[in-house]
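File shown here: my_file-v5.txt, holding compact mmCIF, C-alpha atoms.
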```txt
# COMPACT_ATOMS: atom_id res chain seq x y z
CA MET A 1082 0.00 0.00 0.00
CA ALA A 1083 1.80 3.13 -1.17
CA VAL A 1084 0.99 6.60 0.03
CA SER A 1085 1.15 8.93 -2.94
CA VAL A 1086 1.12 12.69 -2.83
CA PRO A 1087 -1.17 13.93 -5.58
CA ALA A 1088 0.31 16.61 -7.79
CA LYS A 1089 -2.93 18.55 -7.64
CA SER A 1090 -5.64 18.58 -5.01
CA GLN A 1091 -9.14 17.76 -6.17
CA GLY A 1092 -12.27 19.68 -5.33
CA PRO A 1093 -12.64 22.75 -3.17
CA ARG A 1094 -10.68 22.68 0.07
CA PRO A 1095 -10.64 25.21 2.85
CA LYS A 1096 -7.38 26.74 4.05
CA GLY A 1097 -5.53 26.18 0.81
CA VAL A 1098 -4.31 23.07 -0.86
CA ARG A 1099 -3.96 19.99 1.33
CA THR A 1100 -2.34 16.91 0.00
CA ARG A 1101 -3.18 13.38 0.98
CA GLU A 1102 0.16 13.29 2.76
CA SER A 1103 -0.52 16.33 4.91
CA VAL A 1104 -3.98 14.95 5.75
CA LEU A 1105 -2.38 11.67 6.81
CA ARG A 1106 0.20 13.43 8.95
CA VAL A 1107 -2.64 15.02 10.90
CA ALA A 1108 -4.36 11.61 11.07
CA VAL A 1109 -1.19 10.05 12.52
CA ASP A 1110 -0.96 12.70 15.26
CA LEU A 1111 -4.65 12.45 16.03
CA ALA A 1112 -4.47 8.63 16.27
CA SER A 1113 -1.38 8.82 18.50
CA VAL A 1114 -3.35 10.94 20.99
CA GLU A 1115 -6.93 9.68 20.72
CA GLY A 1116 -6.37 6.13 19.49
CA LEU A 1117 -6.53 4.63 16.03
CA ASP A 1118 -10.04 3.30 16.57
CA GLY A 1119 -11.35 6.80 17.24
CA LEU A 1120 -9.94 7.88 13.87
CA THR A 1121 -13.08 8.15 11.76
CA ILE A 1122 -13.50 10.18 8.60
CA GLY A 1123 -15.89 12.44 10.54
CA ARG A 1124 -13.41 13.05 13.38
CA LEU A 1125 -10.59 13.79 10.95
CA ALA A 1126 -12.83 16.12 8.93
CA ASP A 1127 -13.59 18.08 12.14
CA GLU A 1128 -9.90 18.33 12.99
CA LEU A 1129 -8.96 19.51 9.50
CA LYS A 1130 -12.07 21.69 9.11
CA MET A 1131 -12.71 19.86 5.84
CA SER A 1132 -15.90 18.34 4.51
CA LYS A 1133 -16.42 14.62 5.08
CA SER A 1134 -17.08 14.21 1.35
CA GLY A 1135 -13.64 15.71 0.60
CA LEU A 1136 -12.02 13.07 2.79
CA PHE A 1137 -14.19 10.27 1.37
CA ALA A 1138 -12.63 11.06 -2.02
CA HIS A 1139 -9.27 9.98 -0.57
CA PHE A 1140 -10.36 7.22 1.80
CA GLY A 1141 -13.43 5.19 1.01
CA SER A 1142 -13.90 3.85 4.53
CA LYS A 1143 -12.71 4.15 8.10
CA GLU A 1144 -10.60 1.03 7.57
CA ASP A 1145 -8.91 2.47 4.48
CA LEU A 1146 -8.14 5.62 6.44
CA GLN A 1147 -6.71 3.58 9.34
CA LEU A 1148 -4.53 1.49 7.01
CA ALA A 1149 -3.24 4.58 5.18
CA THR A 1150 -2.51 6.21 8.55
CA ILE A 1151 -0.50 3.19 9.69
CA GLU A 1152 1.49 3.30 6.45
CA MET A 1153 2.19 7.02 6.92
CA ALA A 1154 3.28 6.40 10.53
CA ARG A 1155 5.61 3.66 9.25
CA GLN A 1156 7.14 6.07 6.72
CA ILE A 1157 7.68 8.74 9.39
CA PHE A 1158 9.19 6.13 11.73
CA THR A 1159 11.54 4.89 9.00
CA GLU A 1160 12.66 8.40 8.14
CA HIS A 1161 13.27 9.53 11.74
CA ILE A 1162 14.60 6.37 13.38
CA VAL A 1163 15.51 3.58 10.99
CA GLN A 1164 17.38 5.45 8.23
CA PRO A 1165 19.70 7.46 10.55
CA ALA A 1166 20.52 4.27 12.48
CA LEU A 1167 21.22 2.25 9.32
CA ALA A 1168 23.64 5.00 8.25
CA GLN A 1169 25.76 4.06 11.32
CA PRO A 1170 28.47 1.37 11.02
CA GLU A 1171 27.22 -2.16 11.69
CA GLY A 1172 27.72 -3.34 15.25
CA PHE A 1173 27.17 -1.48 18.48
CA PRO A 1174 26.81 1.97 16.79
CA ARG A 1175 23.90 0.78 14.63
CA LEU A 1176 22.22 -1.08 17.50
CA TRP A 1177 22.54 1.91 19.79
CA GLY A 1178 21.37 4.19 16.97
CA LEU A 1179 18.10 2.24 16.79
CA CYS A 1180 17.58 2.27 20.58
CA ASN A 1181 18.50 5.90 21.04
CA GLY A 1182 16.56 6.94 17.94
CA TRP A 1183 13.43 5.30 19.32
CA LEU A 1184 13.76 7.06 22.68
CA SER A 1185 14.51 10.38 20.97
CA HIS A 1186 11.46 10.16 18.71
CA VAL A 1187 9.25 10.03 21.80
CA GLU A 1188 11.16 12.90 23.48
CA GLU A 1189 10.98 15.00 20.32
CA HIS A 1190 7.24 14.35 19.82
CA VAL A 1191 7.66 12.97 16.31
CA PHE A 1192 4.17 11.62 16.98
CA LYS A 1193 2.12 14.04 19.07
CA GLY A 1194 0.84 11.47 21.58
CA GLY A 1195 4.00 9.36 22.02
CA CYS A 1196 4.83 6.19 20.09
CA PHE A 1197 2.13 5.67 17.47
CA PHE A 1198 2.80 1.95 17.19
CA THR A 1199 2.91 1.18 20.91
CA ALA A 1200 -0.48 2.82 21.34
CA ALA A 1201 -1.97 1.13 18.27
CA SER A 1202 -0.54 -2.25 19.33
CA LEU A 1203 -2.23 -2.28 22.68
CA GLU A 1204 -5.44 -0.92 21.20
CA PHE A 1205 -5.78 -3.63 18.55
CA ASP A 1206 -4.07 -6.62 20.16
CA GLY A 1207 -7.36 -8.27 21.12
CA ARG A 1208 -8.98 -7.87 17.68
CA THR A 1209 -8.81 -9.43 14.24
CA GLY A 1210 -8.77 -7.94 10.76
CA PRO A 1211 -6.56 -5.98 8.36
CA VAL A 1212 -5.84 -3.07 10.75
CA ARG A 1213 -4.56 -5.37 13.48
CA ASP A 1214 -2.57 -7.33 10.87
CA ALA A 1215 -0.94 -4.16 9.55
CA ILE A 1216 0.09 -3.11 13.06
CA ALA A 1217 1.40 -6.58 13.91
CA HIS A 1218 3.35 -6.65 10.62
CA ALA A 1219 4.97 -3.28 11.35
CA MET A 1220 5.90 -4.35 14.89
CA LYS A 1221 7.37 -7.67 13.74
CA LYS A 1222 9.52 -5.80 11.23
CA TRP A 1223 10.77 -3.45 13.95
CA LEU A 1224 11.56 -6.33 16.34
CA SER A 1225 13.38 -8.24 13.60
CA LEU A 1226 15.33 -5.09 12.67
CA LEU A 1227 16.42 -4.77 16.30
CA ALA A 1228 17.32 -8.48 16.41
CA ARG A 1229 19.37 -8.12 13.19
CA ALA A 1230 21.21 -5.16 14.74
CA VAL A 1231 22.01 -7.33 17.79
CA GLU A 1232 23.28 -10.08 15.45
CA GLY A 1233 25.34 -7.43 13.64
CA ALA A 1234 26.88 -6.36 16.94
CA LYS A 1235 27.77 -10.01 17.64
CA GLN A 1236 29.34 -10.40 14.19
CA ALA A 1237 31.30 -7.17 14.67
CA LYS A 1238 32.52 -8.71 17.95
CA HIS A 1239 31.17 -5.70 19.87
CA ILE A 1240 29.01 -7.90 22.09
CA LYS A 1241 29.53 -11.50 23.22
CA LYS A 1242 28.60 -14.18 20.71
CA SER A 1243 26.61 -16.03 23.41
CA VAL A 1244 23.97 -13.25 23.41
CA ASP A 1245 20.46 -14.40 22.40
CA ALA A 1246 19.55 -11.73 19.82
CA GLU A 1247 15.81 -12.28 19.99
CA GLN A 1248 15.87 -12.16 23.77
CA LEU A 1249 17.94 -8.98 24.01
CA SER A 1250 15.96 -7.17 21.35
CA PHE A 1251 12.78 -8.03 23.19
CA GLU A 1252 14.18 -6.73 26.48
CA ILE A 1253 15.19 -3.50 24.77
CA TYR A 1254 11.76 -3.15 23.26
CA SER A 1255 10.01 -3.79 26.58
CA LEU A 1256 12.10 -1.20 28.41
CA ALA A 1257 11.34 1.37 25.73
CA MET A 1258 7.63 0.54 25.76
CA GLY A 1259 7.54 0.89 29.56
CA ALA A 1260 9.21 4.30 29.34
CA ASN A 1261 6.74 5.58 26.74
CA TRP A 1262 3.94 4.45 29.03
CA ALA A 1263 5.41 6.05 32.17
CA LEU A 1264 5.95 9.34 30.35
CA HIS A 1265 2.46 9.54 28.95
CA LEU A 1266 0.28 7.93 31.58
CA LEU A 1267 2.22 8.75 34.75
CA ASP A 1268 3.72 11.99 33.43
CA ASP A 1269 7.17 10.79 34.52
CA LYS A 1270 9.46 13.21 32.67
CA THR A 1271 12.54 11.19 33.62
CA ALA A 1272 11.22 7.91 32.17
CA LEU A 1273 12.94 8.09 28.78
CA GLN A 1274 16.31 9.07 30.20
CA LYS A 1275 16.04 6.24 32.76
CA ALA A 1276 15.24 3.80 29.95
CA ARG A 1277 18.19 5.14 27.94
CA VAL A 1278 20.52 4.39 30.89
CA ASN A 1279 18.93 0.96 31.48
CA ILE A 1280 19.14 -0.14 27.87
CA LEU A 1281 22.72 1.06 27.54
CA GLN A 1282 23.66 -0.77 30.74
CA ARG A 1283 22.01 -3.97 29.48
CA ILE A 1284 23.93 -3.81 26.19
CA LEU A 1285 27.24 -2.81 27.79
CA ALA A 1286 26.95 -5.66 30.31
CA LEU A 1287 27.21 -7.94 27.25
CA ALA A 1288 29.92 -5.93 25.47
CA THR A 1289 33.40 -7.15 24.60
CA PRO A 1290 36.59 -5.07 25.08
CA SER A 1291 36.45 -4.17 21.37
CA CYS A 1292 33.05 -2.45 21.63
CA PRO A 1293 33.45 1.21 20.51
CA PRO A 1294 32.35 4.00 22.90
CA VAL A 1295 28.91 5.61 22.72
CA LYS A 1296 29.01 8.56 20.34
CA ARG A 1297 25.97 10.45 21.56
CA ARG A 1298 23.25 9.96 24.08
CA MET B 386 -15.96 4.77 44.15
CA ALA B 387 -17.34 1.57 45.63
CA VAL B 388 -18.81 -1.25 43.62
CA SER B 389 -21.74 -2.65 45.55
CA VAL B 390 -23.63 -5.81 44.79
CA PRO B 391 -27.32 -5.12 45.30
CA ALA B 392 -29.19 -7.70 47.40
CA LYS B 393 -31.99 -7.72 44.88
CA SER B 394 -31.95 -6.91 41.21
CA GLN B 395 -34.36 -4.22 40.08
CA GLY B 396 -36.73 -4.41 37.13
CA PRO B 397 -37.23 -7.23 34.67
CA ARG B 398 -34.02 -8.82 33.38
CA PRO B 399 -33.60 -11.46 30.71
CA LYS B 400 -31.78 -14.69 31.45
CA GLY B 401 -32.36 -14.59 35.19
CA VAL B 402 -31.08 -12.27 37.81
CA ARG B 403 -27.94 -10.37 36.97
CA THR B 404 -26.26 -8.34 39.61
CA ARG B 405 -24.30 -5.20 39.04
CA GLU B 406 -21.21 -7.24 39.81
CA SER B 407 -21.82 -9.83 37.12
CA VAL B 408 -22.61 -7.06 34.61
CA LEU B 409 -19.31 -5.40 35.47
CA ARG B 410 -17.39 -8.66 35.10
CA VAL B 411 -18.67 -8.89 31.54
CA ALA B 412 -17.78 -5.21 31.04
CA VAL B 413 -14.21 -5.87 32.23
CA ASP B 414 -13.75 -8.75 29.77
CA LEU B 415 -15.29 -6.76 26.94
CA ALA B 416 -13.05 -3.75 27.64
CA SER B 417 -9.96 -5.99 27.85
CA VAL B 418 -10.67 -7.22 24.32
CA GLU B 419 -12.25 -4.24 22.57
CA GLY B 420 -10.83 -1.36 24.56
CA LEU B 421 -12.30 0.70 27.37
CA ASP B 422 -13.31 3.51 25.05
CA GLY B 423 -15.48 1.15 23.01
CA LEU B 424 -17.34 0.22 26.20
CA THR B 425 -20.62 2.07 25.80
CA ILE B 426 -23.89 1.26 27.51
CA GLY B 427 -25.27 0.23 24.09
CA ARG B 428 -22.36 -2.14 23.38
CA LEU B 429 -22.61 -3.74 26.81
CA ALA B 430 -26.41 -4.09 26.48
CA ASP B 431 -25.86 -5.95 23.18
CA GLU B 432 -23.31 -8.27 24.79
CA LEU B 433 -25.55 -9.02 27.76
CA LYS B 434 -28.73 -9.12 25.68
CA MET B 435 -30.19 -6.60 28.12
CA SER B 436 -32.08 -3.40 27.43
CA LYS B 437 -30.10 -0.16 27.45
CA SER B 438 -32.60 1.28 29.94
CA GLY B 439 -31.86 -1.59 32.33
CA LEU B 440 -28.17 -0.70 32.23
CA PHE B 441 -28.86 3.03 32.53
CA ALA B 442 -30.46 2.28 35.90
CA HIS B 443 -27.04 1.12 37.11
CA PHE B 444 -24.75 3.47 35.20
CA GLY B 445 -25.98 6.93 34.32
CA SER B 446 -23.36 7.55 31.63
CA LYS B 447 -20.59 5.94 29.61
CA GLU B 448 -18.06 7.54 31.96
CA ASP B 449 -19.77 6.10 35.05
CA LEU B 450 -19.73 2.69 33.40
CA GLN B 451 -16.03 3.03 32.52
CA LEU B 452 -15.13 4.11 36.07
CA ALA B 453 -17.11 1.25 37.62
CA THR B 454 -15.45 -1.17 35.19
CA ILE B 455 -11.98 0.04 36.20
CA GLU B 456 -12.91 -0.41 39.86
CA MET B 457 -14.15 -3.96 39.19
CA ALA B 458 -10.93 -4.76 37.28
CA ARG B 459 -8.95 -3.44 40.25
CA GLN B 460 -10.90 -5.73 42.61
CA ILE B 461 -10.31 -8.77 40.40
CA PHE B 462 -6.61 -7.89 40.11
CA THR B 463 -6.30 -7.52 43.89
CA GLU B 464 -8.02 -10.83 44.51
CA HIS B 465 -6.01 -12.83 41.93
CA ILE B 466 -2.56 -11.24 42.18
CA VAL B 467 -2.07 -8.92 45.13
CA GLN B 468 -3.68 -10.88 47.97
CA PRO B 469 -1.93 -14.23 47.26
CA ALA B 470 1.42 -12.42 46.98
CA LEU B 471 0.91 -10.46 50.20
CA ALA B 472 0.22 -13.78 51.95
CA GLN B 473 3.85 -14.75 51.15
CA PRO B 474 6.65 -13.88 53.61
CA GLU B 475 8.18 -10.43 53.08
CA GLY B 476 11.32 -10.44 50.96
CA PHE B 477 12.04 -12.35 47.78
CA PRO B 478 8.97 -14.67 48.13
CA ARG B 479 6.55 -11.73 48.17
CA LEU B 480 8.34 -9.90 45.35
CA TRP B 481 8.39 -13.02 43.20
CA GLY B 482 4.76 -13.71 44.13
CA LEU B 483 3.76 -10.36 42.63
CA CYS B 484 5.82 -10.90 39.45
CA ASN B 485 4.74 -14.48 38.92
CA GLY B 486 1.13 -13.69 39.82
CA TRP B 487 1.02 -10.97 37.19
CA LEU B 488 2.39 -13.30 34.48
CA SER B 489 0.02 -16.08 35.57
CA HIS B 490 -3.06 -13.85 35.42
CA VAL B 491 -2.33 -13.22 31.74
CA GLU B 492 -1.68 -16.94 31.07
CA GLU B 493 -4.84 -17.93 32.91
CA HIS B 494 -6.99 -15.34 31.10
CA VAL B 495 -8.21 -13.69 34.29
CA PHE B 496 -9.14 -10.89 31.88
CA LYS B 497 -10.28 -12.26 28.54
CA GLY B 498 -8.13 -9.96 26.38
CA GLY B 499 -4.90 -9.95 28.46
CA CYS B 500 -3.97 -7.37 31.07
CA PHE B 501 -6.91 -4.99 31.46
CA PHE B 502 -4.75 -2.20 32.87
CA THR B 503 -1.96 -2.39 30.29
CA ALA B 504 -4.53 -2.06 27.50
CA ALA B 505 -6.43 0.74 29.24
CA SER B 506 -3.17 2.57 30.03
CA LEU B 507 -2.06 2.78 26.45
CA GLU B 508 -5.55 3.64 25.29
CA PHE B 509 -5.98 6.61 27.64
CA ASP B 510 -2.43 7.86 28.10
CA GLY B 511 -2.90 10.74 25.66
CA ARG B 512 -6.18 11.95 27.16
CA THR B 513 -7.42 13.88 30.17
CA GLY B 514 -10.35 13.33 32.53
CA PRO B 515 -11.57 11.07 35.32
CA VAL B 516 -11.17 7.78 33.35
CA ARG B 517 -7.51 8.45 32.57
CA ASP B 518 -6.97 9.60 36.19
CA ALA B 519 -8.51 6.38 37.55
CA ILE B 520 -6.26 4.25 35.33
CA ALA B 521 -3.16 6.26 36.22
CA HIS B 522 -4.04 5.99 39.93
CA ALA B 523 -4.41 2.19 39.69
CA MET B 524 -1.10 1.85 37.83
CA LYS B 525 0.77 4.07 40.28
CA LYS B 526 -0.54 1.91 43.13
CA TRP B 527 0.68 -1.23 41.36
CA LEU B 528 4.12 0.23 40.67
CA SER B 529 4.48 1.43 44.26
CA LEU B 530 3.38 -2.00 45.52
CA LEU B 531 6.13 -3.57 43.39
CA ALA B 532 8.66 -0.99 44.64
CA ARG B 533 7.65 -1.70 48.27
CA ALA B 534 8.15 -5.43 47.64
CA VAL B 535 11.65 -4.68 46.29
CA GLU B 536 12.36 -2.58 49.42
CA GLY B 537 11.04 -5.50 51.52
CA ALA B 538 13.46 -7.85 49.76
CA LYS B 539 16.31 -5.43 50.54
CA GLN B 540 15.29 -5.21 54.22
CA ALA B 541 15.03 -9.02 54.42
CA LYS B 542 18.60 -9.05 53.00
CA HIS B 543 17.43 -11.23 50.10
CA ILE B 544 18.72 -8.75 47.53
CA LYS B 545 21.60 -6.26 47.74
CA LYS B 546 20.88 -3.05 49.61
CA SER B 547 22.37 -1.02 46.72
CA VAL B 548 19.38 -1.95 44.49
CA ASP B 549 17.30 1.05 43.30
CA ALA B 550 13.77 -0.16 44.13
CA GLU B 551 11.99 2.21 41.78
CA GLN B 552 14.33 1.30 38.95
CA LEU B 553 14.03 -2.47 39.40
CA SER B 554 10.26 -2.38 39.79
CA PHE B 555 10.01 -0.38 36.60
CA GLU B 556 12.21 -2.87 34.73
CA ILE B 557 10.04 -5.73 35.97
CA TYR B 558 6.91 -3.91 34.91
CA SER B 559 8.30 -3.15 31.45
CA LEU B 560 9.31 -6.77 30.82
CA ALA B 561 5.85 -7.95 31.85
CA MET B 562 4.16 -5.32 29.68
CA GLY B 563 6.27 -6.35 26.69
CA ALA B 564 5.34 -10.00 27.20
CA ASN B 565 1.61 -9.24 27.36
CA TRP B 566 1.99 -7.31 24.12
CA ALA B 567 3.96 -10.05 22.34
CA LEU B 568 1.43 -12.68 23.37
CA HIS B 569 -1.59 -10.74 22.21
CA LEU B 570 -0.37 -8.82 19.20
CA LEU B 571 2.31 -11.17 17.85
CA ASP B 572 0.67 -14.35 19.12
CA ASP B 573 3.99 -15.38 20.69
CA LYS B 574 2.90 -18.21 23.02
CA THR B 575 6.34 -18.34 24.65
CA ALA B 576 6.38 -14.63 25.57
CA LEU B 577 5.17 -14.97 29.16
CA GLN B 578 7.50 -17.82 30.00
CA LYS B 579 10.41 -15.88 28.48
CA ALA B 580 9.48 -12.85 30.59
CA ARG B 581 9.26 -15.10 33.67
CA VAL B 582 12.83 -16.30 33.07
CA ASN B 583 14.08 -12.75 32.33
CA ILE B 584 12.50 -11.21 35.41
CA LEU B 585 13.76 -13.99 37.65
CA GLN B 586 17.27 -13.63 36.19
CA ARG B 587 17.19 -9.85 36.77
CA ILE B 588 16.17 -10.32 40.42
CA LEU B 589 18.58 -13.20 41.07
CA ALA B 590 21.46 -11.20 39.58
CA LEU B 591 20.89 -8.82 42.51
CA ALA B 592 20.32 -11.53 45.14
CA THR B 593 22.44 -12.16 48.22
CA PRO B 594 23.52 -15.64 49.40
CA SER B 595 20.66 -15.57 51.94
CA CYS B 596 17.94 -15.28 49.28
CA PRO B 597 15.56 -18.27 49.60
CA PRO B 598 14.97 -20.50 46.55
CA VAL B 599 12.00 -20.01 44.21
CA LYS B 600 9.03 -22.02 45.45
CA ARG B 601 7.08 -22.30 42.21
CA ARG B 602 7.31 -20.98 38.70
```
What's the structure tokens form of this structure?
Amino acid sequence: MAVSVPAKSQGPRPKGVRTRESVLRVAVDLASVEGLDGLTIGRLADELKMSKSGLFAHFGSKEDLQLATIEMARQIFTEHIVQPALAQPEGFPRLWGLCNGWLSHVEEHVFKGGCFFTAASLEFDGRTGPVRDAIAHAMKKWLSLLARAVEGAKQAKHIKKSVDAEQLSFEIYSLAMGANWALHLLDDKTALQKARVNILQRILALATPSCPPVKRR
Amino acid sequence: MAVSVPAKSQGPRPKGVRTRESVLRVAVDLASVEGLDGLTIGRLADELKMSKSGLFAHFGSKEDLQLATIEMARQIFTEHIVQPALAQPEGFPRLWGLCNGWLSHVEEHVFKGGCFFTAASLEFDGRTGPVRDAIAHAMKKWLSLLARAVEGAKQAKHIKKSVDAEQLSFEIYSLAMGANWALHLLDDKTALQKARVNILQRILALATPSCPPVKRR
């Protein structure tokens, strides 16, 4: 499912030209705050001060809108977290780039209401259907990316070869998820920095003497 | 906010007498699967095959219903997890009782859709109002109970006195939250057992020689 930005907007739109992409960016923020299930065409139309019929031209149903919103969130996530980390050398720098990038994206409010995918995951985990499947697919890809980065750190001899990559990546993910939750539900402003320290300690406890130092925190 | 069980049910009810308590138990399961925000009086009436007016007699609004459902979930959680753990001796047994009890309540489907509070937390963390406040209050109580159990284990000299209780309790909570998520979203049947091993390893890494052995897993 590709998100395309139309060269020209269709039909009358208030407040100037809005592209499908800019509509979806608002949808992503709205869903990150109010939940993906609350993201109806009517609710989004209110937020954008657009007509519902204008939005129906882009998204035929609530489900289409939700799926397009997940895809936009995935693109934003890739751009802000995955690509900068993959530009780091394989090994500890790339692994830490993914961890630190994730924590930073919550601190920097890349999604208005915290981690879009963590919220959507917990919202849809008890359901069935294409929306749940799209969220589960995105999360599996993120976990396997983390696990590959752990494997890369083993191959680069930055961490011990006895490390269970799936296990460590899951621990990292859980600590990050807990921090996102503590920040947003409990308003614990120190949660992300505490998670940053915890995750770094967990990785460094498994490091070899040839592990390079942390470049930035 | 107290949840009372009326001695007599009021008005005609299909399928025999249903008490407020049994209605709320259904509401808790429904919310754990479909989300607390989807829990309307209409949706619950459908599920129970009751009239909406019958439910309105108990709960004047969606918000009242949500708050009463949270309180019922808290009672169920206390009965299944907190009370059995508090019956254990202070120290490592009580701390492990809380951790293991939490993991077991997900395995045993005490709430149909996994951990009621984890789901509700992520659903309401970006909002304001009494429902979010009630969830945050319940979660803070759980985290402080875990932290007190860690302190108890320090005082019993079962774990090192240098342990940061708030930090360790948060790590435990995050690992459990991650496991609940992996079970329900990714359908990873091994997630809870992996978390059980991880959490036990984390605690035992901080244990003293006088820490008693684990009684059950």
Using all atoms listed in the file: which of A:Asp1269, A:Leu1117, A:Ala1217, A:Ala1276 has the shortest distance to Trp1183 (chain A)
A:Ala1276
Write down, as number ranges by chain, each residue of chain A that has any atom within 10 Å of an atom of chain B, counting all atoms listed in the file.
A: 1111-1119, 1193-1196, 1199-1209, 1213-1214, 1216-1218, 1220-1221, 1248-1249, 1251-1268, 1272, 1275-1276, 1279
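Taking CA of Leu577 (chain B) as the reference point, CA of Glu492 (chain B) is found at 7.4 Å.
For Lys1238 (chain A), the residues within 10 Å (counting only C-alpha atoms, excluding itself and residues fewer than 4 positions away along the chain) are Gly1172, Phe1173, Glu1232, Gly1233, Ala1234, Lys1242, Ala1288, Thr1289, Pro1290, Ser1291 and Cys1292 of chain A.
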Would you mind exporting C-alpha atoms of the selected residues as a PDB file, in the coordinates of the input?
```pdb
ATOM      1  CA  GLY A1172      27.720  -3.340  15.250  1.00  0.00           C
ATOM      2  CA  PHE A1173      27.170  -1.480  18.480  1.00  0.00           C
ATOM      3  CA  GLU A1232      23.280 -10.080  15.450  1.00  0.00           C
ATOM      4  CA  GLY A1233      25.340  -7.430  13.640  1.00  0.00           C
ATOM      5  CA  ALA A1234      26.880  -6.360  16.940  1.00  0.00           C
ATOM      6  CA  LYS A1242      28.600 -14.180  20.710  1.00  0.00           C
ATOM      7  CA  ALA A1288      29.920  -5.930  25.470  1.00  0.00           C
ATOM      8  CA  THR A1289      33.400  -7.150  24.600  1.00  0.00           C
ATOM      9  CA  PRO A1290      36.590  -5.070  25.080  1.00  0.00           C
ATOM     10  CA  SER A1291      36.450  -4.170  21.370  1.00  0.00           C
ATOM     11  CA  CYS A1292      33.050  -2.450  21.630  1.00  0.00           C
TER      12      CYS A1292
END
```
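As for CA of Lys545 (chain B) and CA of Phe462 (chain B), they are spaced 29.3 Å apart.
Counting from CA of Pro1170 (chain A), the distance to CA of Glu1152 (chain A) is 27.4 Å.
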Report as a list in words all protein, DNA and RNA residues lying within 9 Å of region 407-409 of chain B, evaluated on all atoms listed in the file, omitting residues in the same chain fewer than 4 positions from it.
Val390, Arg403, Val413, Asp414, Leu429, Leu433, Leu440, Leu450, Ala453, Thr454, Met457 and Ala458 of chain B
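When only C-alpha atoms are used to measure the gap to Glu1189 (chain A), the shortest distance among A:Arg1106, A:Glu1171, A:Ala1246, A:Ile1162 belongs to A:Ile1162.
Of the residues listed (A:Ala1286, A:Arg1277, A:Gly1135, A:His1239), A:Arg1277 shows the shortest atom-to-atom separation from Ser1185 (chain A); distances use all atoms listed in the file.
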Could you list, as a PyMOL selection string, every residue within 8 Å of Ala523 (chain B), counting all atoms listed in the file and ignoring same-chain residues fewer than 4 positions away?
chain B and resi 459+519+527
